[in-house]
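Asks: I am sharing query-v3.txt, which consists of compact mmCIF, C-alpha atoms:
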```
# COMPACT_ATOMS: atom_id res chain seq x y z
CA MET A 160 0.00 0.00 0.00
CA ASN A 161 1.38 3.40 -1.07
CA HIS A 162 0.85 5.65 1.94
CA HIS A 163 1.32 8.78 -0.20
CA ASN A 164 -2.13 8.04 -1.72
CA LEU A 165 -3.93 7.66 1.60
CA PHE A 166 -5.97 10.12 3.65
CA THR A 167 -6.91 9.95 7.30
CA VAL A 168 -10.58 10.21 8.22
CA SER A 169 -10.14 13.88 9.11
CA GLU A 170 -8.25 14.65 5.90
CA PHE A 171 -10.81 12.91 3.72
CA ALA A 172 -13.67 14.66 5.52
CA ASP A 173 -11.95 18.03 4.96
CA LEU A 174 -11.78 17.33 1.21
CA PHE A 175 -15.57 17.34 1.09
CA ASN A 176 -16.26 19.81 3.90
CA ILE A 177 -18.18 17.24 5.94
CA HIS A 178 -17.85 16.06 9.54
CA LYS A 179 -15.73 12.97 10.06
CA LYS A 180 -18.63 11.43 12.01
CA THR A 181 -20.40 11.12 8.67
CA LEU A 182 -17.60 8.90 7.38
CA TYR A 183 -17.68 6.80 10.55
CA TYR A 184 -21.43 6.33 10.10
CA TYR A 185 -21.16 5.42 6.43
CA ASP A 186 -18.46 2.88 7.34
CA GLU A 187 -20.64 1.45 10.12
CA ILE A 188 -23.60 0.79 7.80
CA GLY A 189 -21.42 -0.47 4.98
CA LEU A 190 -22.23 2.41 2.64
CA PHE A 191 -18.71 3.74 2.20
CA GLU A 192 -15.81 1.93 3.83
CA PRO A 193 -12.15 3.05 4.15
CA LYS A 194 -9.68 1.54 1.72
CA TYR A 195 -7.27 0.48 4.46
CA THR A 196 -7.25 -0.04 8.21
CA ASN A 197 -3.89 -0.54 9.92
CA GLU A 198 -3.04 -2.85 12.80
CA LYS A 199 -3.89 -0.12 15.32
CA GLY A 200 -7.36 0.34 13.83
CA TYR A 201 -6.68 3.67 12.11
CA ARG A 202 -8.73 4.10 8.95
CA TYR A 203 -7.46 5.48 5.68
CA TYR A 204 -9.13 6.42 2.41
CA SER A 205 -7.32 6.33 -0.93
CA ASP A 206 -7.31 8.92 -3.68
CA CYS A 207 -9.17 6.48 -5.94
CA GLN A 208 -12.14 6.72 -3.55
CA ILE A 209 -12.56 10.45 -4.11
CA TYR A 210 -14.59 9.92 -7.29
CA ASP A 211 -16.75 7.26 -5.61
CA PHE A 212 -17.53 9.65 -2.78
CA HIS A 213 -18.50 12.35 -5.30
CA VAL A 214 -20.98 9.83 -6.73
CA LEU A 215 -22.37 9.17 -3.26
CA LEU A 216 -22.85 12.88 -2.55
CA SER A 217 -24.56 13.33 -5.91
CA LEU A 218 -27.02 10.58 -5.01
CA LYS A 219 -27.66 12.32 -1.69
CA ASN A 220 -28.64 15.45 -3.64
CA LEU A 221 -31.19 13.30 -5.49
CA ASN A 222 -32.83 12.53 -2.12
CA LEU A 223 -32.18 8.81 -2.31
CA SER A 224 -32.51 6.87 0.92
CA LEU A 225 -29.37 5.35 2.39
CA LYS A 226 -30.64 1.92 1.35
CA GLU A 227 -31.21 3.08 -2.24
CA THR A 228 -27.83 4.82 -2.29
CA LYS A 229 -26.04 1.70 -1.05
CA GLN A 230 -27.80 -0.44 -3.65
CA TYR A 231 -26.82 1.91 -6.46
CA VAL A 232 -23.21 2.44 -5.34
CA ASN A 233 -22.59 -1.30 -5.11
CA HIS A 234 -24.38 -2.27 -8.34
CA ARG A 235 -24.25 0.74 -10.64
CA THR A 236 -24.48 0.10 -14.37
CA PRO A 237 -25.57 2.23 -17.36
CA GLY A 238 -28.96 0.55 -17.09
CA THR A 239 -29.44 1.46 -13.43
CA VAL A 240 -28.35 5.02 -14.22
CA ILE A 241 -31.05 5.29 -16.90
CA ASP A 242 -33.74 3.96 -14.56
CA LEU A 243 -32.59 6.22 -11.72
CA PHE A 244 -32.43 9.38 -13.82
CA ASN A 245 -35.78 8.73 -15.53
CA GLY A 246 -37.41 8.25 -12.15
CA LYS A 247 -35.86 11.38 -10.68
CA ILE A 248 -36.75 13.48 -13.73
CA GLY A 249 -40.38 12.42 -13.24
CA GLU A 250 -40.25 13.37 -9.57
CA ILE A 251 -38.69 16.74 -10.42
CA GLU A 252 -41.38 17.47 -13.02
CA GLU A 253 -44.09 16.68 -10.46
CA LYS A 254 -42.39 18.98 -7.95
CA ILE A 255 -42.16 21.76 -10.55
CA GLU A 256 -45.90 21.42 -11.24
CA GLU A 257 -46.63 21.49 -7.52
CA LEU A 258 -44.49 24.59 -6.99
CA THR A 259 -46.03 26.27 -10.05
CA ARG A 260 -49.51 25.73 -8.61
CA LEU A 261 -48.36 27.05 -5.25
CA LYS A 262 -46.78 30.11 -6.87
CA HIS A 263 -50.00 30.78 -8.80
CA SER A 264 -52.03 30.50 -5.61
CA LEU A 265 -49.72 32.77 -3.61
CA THR A 266 -49.47 35.33 -6.41
CA LYS A 267 -53.23 35.55 -6.77
CA ARG A 268 -53.82 35.73 -3.04
CA LEU A 269 -51.13 38.42 -2.67
CA ALA A 270 -52.77 40.50 -5.39
CA LEU A 271 -56.14 40.22 -3.65
CA ILE A 272 -54.71 41.18 -0.27
CA ASN A 273 -52.83 44.13 -1.77
CA SER A 274 -56.04 45.28 -3.45
CA THR A 275 -57.64 45.76 -0.03
CA LEU A 276 -55.17 48.56 0.61
CA ASP A 277 -56.53 50.57 -2.31
CA THR A 278 -60.25 49.93 -1.97
CA SER A 279 -62.58 51.10 0.75
CA VAL A 280 -64.96 48.45 2.07
CA ASP A 281 -67.70 51.08 1.84
CA ASP A 282 -67.37 51.38 -1.95
CA ILE A 283 -69.59 49.45 -4.36
CA GLN A 284 -68.42 49.39 -7.95
CA VAL A 285 -69.34 47.94 -11.32
CA GLN A 286 -66.33 46.11 -12.71
CA TYR A 287 -65.52 43.96 -15.72
CA LYS A 288 -64.27 40.51 -14.70
CA GLU A 289 -62.43 37.88 -16.71
CA GLU A 290 -63.69 34.33 -17.14
CA GLU A 291 -62.76 31.95 -14.30
CA TYR A 292 -62.91 28.19 -13.82
CA PHE A 293 -64.11 26.64 -10.57
CA ARG A 294 -64.50 23.21 -9.10
CA LEU A 295 -67.74 23.12 -7.13
CA GLU A 296 -68.73 21.28 -3.98
CA PRO A 297 -72.41 21.49 -2.95
CA ILE A 298 -73.35 22.89 0.45
CA GLU A 299 -76.36 21.35 2.11
CA PRO A 300 -79.20 23.79 2.93
CA VAL A 301 -78.74 25.29 6.40
CA ARG A 302 -80.66 27.49 8.79
CA ASP A 303 -78.05 30.00 9.90
CA SER A 304 -74.54 31.25 9.23
CA ASP A 305 -72.93 29.35 12.11
CA THR A 306 -74.28 26.04 10.84
CA ASN A 307 -73.19 27.05 7.36
CA TYR A 308 -69.67 27.67 8.63
CA ILE A 309 -69.50 24.16 10.11
CA ALA A 310 -70.76 22.61 6.87
CA TRP A 311 -68.25 24.63 4.85
CA HIS A 312 -65.43 23.68 7.20
CA HIS A 313 -66.05 19.94 6.93
CA ILE A 314 -66.24 20.04 3.14
CA PHE A 315 -63.10 22.15 2.84
CA ILE A 316 -61.12 19.84 5.13
CA GLU A 317 -62.20 16.84 3.05
CA GLU A 318 -61.27 18.59 -0.18
CA SER A 319 -57.88 19.54 1.27
CA LYS A 320 -56.99 15.85 1.38
CA HIS A 321 -57.11 15.92 -2.40
CA GLN A 322 -55.12 19.15 -2.63
CA LEU A 323 -58.09 21.05 -4.02
CA ASN A 324 -57.35 24.06 -1.83
CA GLU A 325 -54.34 25.21 -3.83
CA GLY A 326 -56.35 27.72 -5.83
CA ALA A 327 -58.37 30.71 -4.66
CA TYR A 328 -61.51 29.60 -2.86
CA GLY A 329 -64.86 30.98 -1.79
CA GLN A 330 -68.57 30.30 -2.27
CA MET A 331 -71.26 30.69 -4.93
CA LEU A 332 -74.89 31.64 -4.53
CA LEU A 333 -77.29 30.79 -7.37
CA ARG A 334 -79.20 33.55 -9.16
CA GLU A 335 -82.62 32.04 -8.39
CA ASN A 336 -81.92 32.27 -4.65
CA LEU A 337 -80.34 35.69 -4.94
CA ILE A 338 -83.37 37.32 -6.53
CA GLN A 339 -85.53 35.85 -3.76
CA ASN A 340 -83.25 37.43 -1.15
CA ILE A 341 -82.01 34.04 0.06
CA TYR A 342 -78.37 34.57 0.93
CA SER A 343 -77.18 31.10 1.95
CA PRO A 344 -74.47 29.97 -0.53
CA ASN A 345 -75.08 26.85 -2.59
CA TYR A 346 -71.52 25.79 -3.42
CA ILE A 347 -67.96 25.99 -2.24
CA THR A 348 -65.79 27.20 -5.13
CA VAL A 349 -62.16 26.21 -5.58
CA GLU A 350 -60.22 27.71 -8.46
CA ALA A 351 -59.30 25.16 -11.13
CA ILE A 352 -55.62 25.55 -11.93
CA GLU A 353 -54.65 22.49 -13.96
CA LYS A 354 -56.06 21.78 -17.42
CA LYS A 355 -57.37 18.41 -16.28
CA ASP A 356 -59.52 20.24 -13.71
CA MET A 357 -60.83 22.73 -16.28
CA ASP A 358 -62.29 19.99 -18.47
CA LYS A 359 -65.06 19.41 -15.94
CA ALA A 360 -65.03 22.79 -14.20
CA PHE A 361 -67.83 25.29 -13.75
CA ILE A 362 -67.19 28.42 -15.80
CA LYS A 363 -67.78 31.77 -14.17
CA PRO A 364 -68.51 33.93 -17.25
CA GLU A 365 -66.67 37.10 -18.10
CA GLY A 366 -68.68 40.26 -18.00
CA LYS A 367 -70.00 43.04 -15.79
CA TYR A 368 -70.27 42.52 -12.04
CA VAL A 369 -71.39 44.62 -9.12
CA VAL A 370 -68.60 44.29 -6.55
CA GLY A 371 -68.59 45.08 -2.84
CA ARG A 372 -66.57 44.27 0.25
CA LYS A 373 -67.02 44.08 4.00
CA ASN A 374 -64.87 43.61 7.08
CA GLY A 375 -65.64 41.10 9.78
CA LYS A 376 -66.73 37.47 9.69
CA VAL A 377 -66.36 36.37 6.08
CA LEU A 378 -69.16 33.79 6.37
CA HIS A 379 -71.69 36.32 7.72
CA SER A 380 -72.54 38.14 4.48
CA THR A 381 -76.23 39.14 4.69
CA SER A 382 -75.51 42.83 5.31
CA LEU A 383 -73.22 43.03 2.25
CA TYR A 384 -75.77 41.29 0.05
CA GLN A 385 -78.41 43.77 1.17
CA ARG A 386 -76.14 46.70 0.24
CA LEU A 387 -75.37 45.17 -3.16
CA MET A 388 -79.04 44.46 -3.91
CA LYS A 389 -79.95 48.03 -2.99
CA TYR A 390 -77.22 49.36 -5.32
CA ILE A 391 -78.46 47.15 -8.17
CA GLU A 392 -82.03 48.37 -7.72
CA GLU A 393 -81.09 52.04 -7.44
CA ASN A 394 -78.95 51.88 -10.60
CA ASN A 395 -81.55 49.97 -12.65
CA LEU A 396 -79.28 46.98 -13.17
CA GLU A 397 -80.49 43.46 -13.88
CA ILE A 398 -79.09 40.36 -12.20
CA ILE A 399 -78.26 37.87 -14.96
CA GLY A 400 -75.94 35.46 -13.13
CA ASN A 401 -74.81 34.07 -9.83
CA ALA A 402 -73.12 35.72 -6.87
CA TYR A 403 -69.53 34.80 -6.05
CA GLU A 404 -67.97 35.21 -2.62
CA TYR A 405 -64.19 35.56 -2.26
CA PHE A 406 -62.51 35.14 1.11
CA ILE A 407 -59.78 37.69 0.44
CA ILE A 408 -58.53 37.84 4.02
CA ASP A 409 -59.83 35.09 6.28
CA GLY A 410 -58.74 33.58 9.58
CA SER A 411 -55.63 32.14 7.91
CA PHE A 412 -54.26 35.66 7.44
CA ALA A 413 -55.83 37.73 10.22
CA SER A 414 -56.50 36.68 13.80
CA ASP A 415 -58.45 39.90 14.34
CA VAL A 416 -61.94 39.39 12.91
CA ASN A 417 -62.18 43.09 12.04
CA GLU A 418 -59.23 42.75 9.65
CA ARG A 419 -60.84 39.98 7.61
CA VAL A 420 -62.30 40.90 4.22
CA LEU A 421 -65.06 39.33 2.15
CA GLU A 422 -65.74 40.35 -1.46
CA ILE A 423 -68.94 39.53 -3.31
CA GLN A 424 -69.42 39.82 -7.08
CA ILE A 425 -72.88 39.66 -8.69
CA GLN A 426 -73.19 39.38 -12.46
CA VAL A 427 -75.41 42.08 -13.95
CA LYS A 428 -76.25 43.88 -17.16
```
Could you rewrite the structure in this file as structure tokens?

Replies:
Amino acid sequence: MNHHNLFTVSEFADLFNIHKKTLYYYDEIGLFEPKYTNEKGYRYYSDCQIYDFHVLLSLKNLNLSLKETKQYVNHRTPGTVIDLFNGKIGEIEEKIEELTRLKHSLTKRLALINSTLDTSVDDIQVQYKEEEYFRLEPIEPVRDSDTNYIAWHHIFIEESKHQLNEGAYGQMLLRENLIQNIYSPNYITVEAIEKKDMDKAFIKPEGKYVVGRKNGKVLHSTSLYQRLMKYIEENNLEIIGNAYEYFIIDGSFASDVNERVLEIQIQVK
């Protein structure tokens, strides 16, 4: 053995800026063993192991388990490389899609929250809105807002298991109930982000909407509906579509109830 080509545990650890305990652990589990151990039990790594350890660290960056890493290091072939890289590329693409959805959700929510800084909750406006796609979940008829909150909560928690809460969410009230002054929402709405969701999504049409906001409990909306209906009547507008509730700032973003903001949009002509 040429001792000029050997490194102590500390020296080898310094080459890779890791703690020497890591090398002891890898040796213990048989993942990466020293090239030579002398009669006194001192361990040494050779320069030919530097490349192998680079491979090991690269696998660590791919988030392989220690078991998977050991299997690959001991049995690596061009075929196993192809299988490994194809699998990791698939995982990376899924992660990119997940992060893209999260970015979309955060960007939209940030824009909504920022918009509250420029708009008084006392203002009611007529605005043009773009087309939107929603996934709908029916809400059972209820007697009061507190019961409605409980029903909404249970449905939303169930939908969260399927990651349907990544988009903007709120509620929808059907036109036929609206014109009868029945203000209990009929559906939970969750924004459809992926194309596969849009194929079977409900389409909120583009067009003209009467828009208003209120502070306070976002699921207690009767007073805001009454203001919007009065505005529609006084301005000789006709309700031609549903009402859409947006929880712009809810309990997730404001512990103080008075800082929470609900927006309602009613389609008119």

Asks: Please check which residues have atoms at most 7 Å from (-72.6, 49.3, -3.8) in the file's coordinates, counting all atoms listed in the file, and write them as a PyMOL selection string.

Replies: chain A and resi 282-284+370-371+386-387+390

Asks: Please save C-alpha atoms of the selected residues as a compact mmCIF listing (two decimals), in the frame of the given file.

Replies:
```
# COMPACT_ATOMS: atom_id res chain seq x y z
CA ASP A 282 -67.37 51.38 -1.95
CA ILE A 283 -69.59 49.45 -4.36
CA GLN A 284 -68.42 49.39 -7.95
CA VAL A 370 -68.60 44.29 -6.55
CA GLY A 371 -68.59 45.08 -2.84
CA ARG A 386 -76.14 46.70 0.24
CA LEU A 387 -75.37 45.17 -3.16
CA TYR A 390 -77.22 49.36 -5.32
```

Asks: Quick one: residues within 8 Å of region 226-232 of chain A, all atoms listed in the file, excluding same-chain residues fewer than 2 positions away - as a count of residues only?

Replies: 11

Asks: Which polymer residues, whether protein, DNA or RNA, lie within 9 Å of the coordinate (-74.3, 43.1, -10.0) when you count only C-alpha atoms? List them as a list in words, using the chain letters and numbers from the file.

Replies: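 Within 9 Å of (-74.3, 43.1, -10.0), the protein and nucleic acid residues are Gln284, Val285, Gln286, Lys367, Tyr368, Val369, Val370, Leu387, Met388, Tyr390, Ile391, Leu396, Glu397, Ile398, Ile399, Gly400, Ala402, Gln424, Ile425, Gln426, Val427 and Lys428 of chain A.
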
Asks: Considering all atoms listed in the file, state which residue in the set A:Glu296, A:Lys359, A:Tyr204, A:Val349 is at the smallest distance from Ser264 (chain A).

Replies: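 Under the stated criterion, the closest residue is A:Val349.
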
Asks: Looking at A:Tyr287, A:Phe212, A:Tyr403, A:Thr196, which one is nearest to Thr181 (chain A), with distances taken over all atoms listed in the file?

Replies: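 Of the candidates, the smallest distance to Thr181 (chain A) is held by A:Phe212.
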
Asks: Between CA of Leu261 (chain A) and CA of Glu350 (chain A), measure the distance and give it in Å to one decimal.

Replies: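 CA of Glu350 (chain A) lies at a distance of 12.3 Å from CA of Leu261 (chain A).
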
Asks: Identify which of the residues A:Gln208, A:Thr348, A:Thr275, A:Asn340 lies closest to Leu421 (chain A), counting all atoms listed in the file when measuring atom-to-atom distances.

Replies: A:Thr275

Asks: So what do you get for CA of Glu250 (chain A) versus CA of Thr236 (chain A), distance-wise?

Replies: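 Spanning CA of Glu250 (chain A) to CA of Thr236 (chain A) is a straight-line distance of 21.2 Å.
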
Asks: Give the answer as one residue: which of A:Phe406, A:Asn417, A:Ile347, A:Glu291 has the shortest atom-to-atom distance to Lys363 (chain A), using only C-alpha atoms?

Replies: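 The shortest atom-to-atom distance to Lys363 (chain A) comes from A:Glu291.
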
Asks: Work out how far CA of Arg260 (chain A) is from CA of Asn273 (chain A), in Å to one decimal.

Replies: 19.9 Å

Asks: Residues at most 10 Å from Val377 (chain A), counting all atoms listed in the file, excluding those fewer than 3 positions away in the same chain, as a ChimeraX atom specification?

Replies: /A:308,329,372-374,380,404-410,416-417,419-422

Asks: Would you save the residues of that selection, restricted to C-alpha atoms, as a PDB file, keeping the file's coordinate frame?

Replies:
```pdb
ATOM      1  CA  TYR A 308     -69.670  27.670   8.630  1.00  0.00           C
ATOM      2  CA  GLY A 329     -64.860  30.980  -1.790  1.00  0.00           C
ATOM      3  CA  ARG A 372     -66.570  44.270   0.250  1.00  0.00           C
ATOM      4  CA  LYS A 373     -67.020  44.080   4.000  1.00  0.00           C
ATOM      5  CA  ASN A 374     -64.870  43.610   7.080  1.00  0.00           C
ATOM      6  CA  SER A 380     -72.540  38.140   4.480  1.00  0.00           C
ATOM      7  CA  GLU A 404     -67.970  35.210  -2.620  1.00  0.00           C
ATOM      8  CA  TYR A 405     -64.190  35.560  -2.260  1.00  0.00           C
ATOM      9  CA  PHE A 406     -62.510  35.140   1.110  1.00  0.00           C
ATOM     10  CA  ILE A 407     -59.780  37.690   0.440  1.00  0.00           C
ATOM     11  CA  ILE A 408     -58.530  37.840   4.020  1.00  0.00           C
ATOM     12  CA  ASP A 409     -59.830  35.090   6.280  1.00  0.00           C
ATOM     13  CA  GLY A 410     -58.740  33.580   9.580  1.00  0.00           C
ATOM     14  CA  VAL A 416     -61.940  39.390  12.910  1.00  0.00           C
ATOM     15  CA  ASN A 417     -62.180  43.090  12.040  1.00  0.00           C
ATOM     16  CA  ARG A 419     -60.840  39.980   7.610  1.00  0.00           C
ATOM     17  CA  VAL A 420     -62.300  40.900   4.220  1.00  0.00           C
ATOM     18  CA  LEU A 421     -65.060  39.330   2.150  1.00  0.00           C
ATOM     19  CA  GLU A 422     -65.740  40.350  -1.460  1.00  0.00           C
TER      20      GLU A 422
END
```
